[in-house]
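K.L.:
Okay, handing you the structure first.
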Amino acid sequence: NTTAEVAAEFALTLIVGGQEFATIVCTPAHLEELSVGFLASEGVIRSIDDISSLIIDADQGFAYIELNNQSTINPFIYTKRRITSCCGKGRQSYYYASDAYTLTPVQSHMQLSPALCLSFMDDLTAHSTIHRSTGGVHSAALRGITGEPLVYADIGRHNALDKLYGTSLMRGIRTEHQALVITGRISSEMVLKAVKIGSPFLLSKAAPTELGLRIADEYGITAVGFIRNGTFNVYT
């Protein structure tokens with residue numbers, strides 16, 4: 001007999017100002033960072049200073065958030081919803097209303113050599129211990145040209161980016177000097193998150209989508225895909 005490690009799946013419900021805001025199906029780790037990054041991605045907060053308190057009840061699956069300005073939640077834009085770990089249409093439907101109010105093009109002078117693109121992906125693979133042991137998660141890294149990468153894994157590739165976003169806000173990381181490196185597709189939702197995070201590079205071992213590349217081109221994201229076996233494609 002052999003044993004196999006499987007990826008954990010967890011439902012986290014965000015209660016914002018006493019009201020149920022969303023339920024995120026995720027990997028049960030770094031829930032504070034996930035909560036902050038998700039609220040920032042939704043445009044509910046712009047900085048960590050917008051949050052007056054954040055309490056995680058991991059046993060019951062709740063994150064209790066109080067905002068300094070509760071009126072930032074527009075009932076005409078946000079409705080209670082369940083954010084699943086799956087990809088595609090289920091998440092796509094709610095993004096674009098709030099994005100119209102929050103997106104601005106990324107401004108950066110950061111440059112990457114081909115060797116660094118390959119090296120960054122090799123480093124992400126080396127740090128992806130949970131993926132190697134379970135095969136059931138995506139990994140994402142935020143990293144500058146020098147220094148160690150910040151790496152998170154989650155059953156939802158979008159959750160992994162939200163964890164990076166939350167950490168960058170909590171630590172005051174200047175994201176215009178950081179590249180995002182991911183294992184999943186360069187889809188529209190991933191590019192939108194890269195724009196919100198403010199990272200000028202989105203590097204992936206996987207393929208892009210046509211809409212993802214149109215958004216990347218419009219908002220100043222350099223999209224690089226199929227980074228594997230010493231080669232890659234630069235799309236925008």
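Chain lettering (A, B, ...) mirrors the order of the structure tokens, residue numbering begins at 1 for each chain separately, and ligand numbering begins at 1 in order of display.
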Which neighbours of range 208-220 of chain A fall inside 6 Å, counting only C-alpha atoms, when residues of the same chain fewer than 2 positions from it are skipped, and could you give them as JSON, numbers by chain?
P.N.:
{"A": [105, 106, 185, 186, 187, 188, 191, 236]}
K.L.:
Could you write out, as a ChimeraX atom specification, all the residues of range 4-212 of chain A that DSSP marks as strand (DSSP E or B)?
P.N.:
/A:10-16,19-26,51-57,62-67,81-83,138-143,150-154,179-182,186,201-204,208
K.L.:
How far is it from CA of Val25 in chain A to CA of Ala8 in chain A, in Å with one decimal?
P.N.:
10.2 Å
K.L.:
Excluding Ala29 in chain A and any residue of its chain fewer than 6 positions from it, enumerate the residues within 10 Å of it, using only C-alpha atoms, and give them as an MDAnalysis selection string.
P.N.:
chainID A and resid 8 10 58 152:154 163
K.L.:
Atoms to include: N, CA, C and O atoms. Write the selected residues as an mmCIF file, in the first residue's frame.
P.N.:
data_model
loop_
_atom_site.group_PDB
_atom_site.id
_atom_site.type_symbol
_atom_site.label_atom_id
_atom_site.label_comp_id
_atom_site.auth_asym_id
_atom_site.auth_seq_id
_atom_site.Cartn_x
_atom_site.Cartn_y
_atom_site.Cartn_z
ATOM 1 N N ALA A 8 -5.731 20.356 -0.089
ATOM 2 C CA ALA A 8 -6.834 20.721 0.786
ATOM 3 C C ALA A 8 -7.731 21.750 0.106
ATOM 4 O O ALA A 8 -7.262 22.583 -0.676
ATOM 5 N N PHE A 10 -11.003 24.487 1.007
ATOM 6 C CA PHE A 10 -11.542 25.177 2.177
ATOM 7 C C PHE A 10 -12.422 26.325 1.716
ATOM 8 O O PHE A 10 -12.097 27.005 0.732
ATOM 9 N N ALA A 58 -10.512 30.596 11.421
ATOM 10 C CA ALA A 58 -10.248 29.473 10.523
ATOM 11 C C ALA A 58 -11.073 28.249 10.894
ATOM 12 O O ALA A 58 -11.421 27.441 10.025
ATOM 13 N N TYR A 152 3.350 31.723 -3.341
ATOM 14 C CA TYR A 152 2.168 31.131 -2.727
ATOM 15 C C TYR A 152 1.591 30.072 -3.658
ATOM 16 O O TYR A 152 1.751 30.151 -4.880
ATOM 17 N N ALA A 153 0.887 29.120 -3.052
ATOM 18 C CA ALA A 153 0.197 28.079 -3.817
ATOM 19 C C ALA A 153 -1.251 28.049 -3.386
ATOM 20 O O ALA A 153 -1.585 28.332 -2.230
ATOM 21 N N ASP A 154 -2.132 27.694 -4.314
ATOM 22 C CA ASP A 154 -3.548 27.608 -3.983
ATOM 23 C C ASP A 154 -4.244 26.742 -5.035
ATOM 24 O O ASP A 154 -3.780 26.646 -6.170
ATOM 25 N N LYS A 163 -3.255 36.318 -2.865
ATOM 26 C CA LYS A 163 -2.367 36.214 -1.710
ATOM 27 C C LYS A 163 -1.120 37.072 -1.903
ATOM 28 O O LYS A 163 -0.648 37.734 -0.959
#
K.L.:
Per DSSP on the backbone, filter chain A down to the residues in alpha helix (DSSP H) and report them as a ChimeraX atom specification.
P.N.:
/A:31-41,89-102,114-127,129-134,157-171,188-197,210-218
K.L.:
Measure the distance from CA of Asp57 in chain A to CA of Val36 in chain A in Å and round it to one decimal.
P.N.:
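Calculated distance between CA of Asp57 in chain A and CA of Val36 in chain A is 14.8 Å.
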K.L.:
State, in Å with one decimal place, the distance from CA of Ser113 in chain A to CA of Tyr165 in chain A.
P.N.:
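Between CA of Ser113 in chain A and CA of Tyr165 in chain A the gap works out to 24.3 Å.
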K.L.:
Applying 10 Å and only C-alpha atoms, which residues near Phe120 in chain A remain after dropping the ones on its own chain fewer than 2 positions away? List them as a PyMOL selection string.
P.N.:
chain A and resi 115-118+122-126+141-145+149+179-182+203-204+227
K.L.:
Residues at most 12 Å from Ser168 in chain A, counting only C-alpha atoms, excluding those fewer than 3 positions away in the same chain, as an MDAnalysis selection string?
P.N.:
chainID A and resid 33:34 36:37 40 46:48 141:143 150:151 161:165 171:178 180 196:199
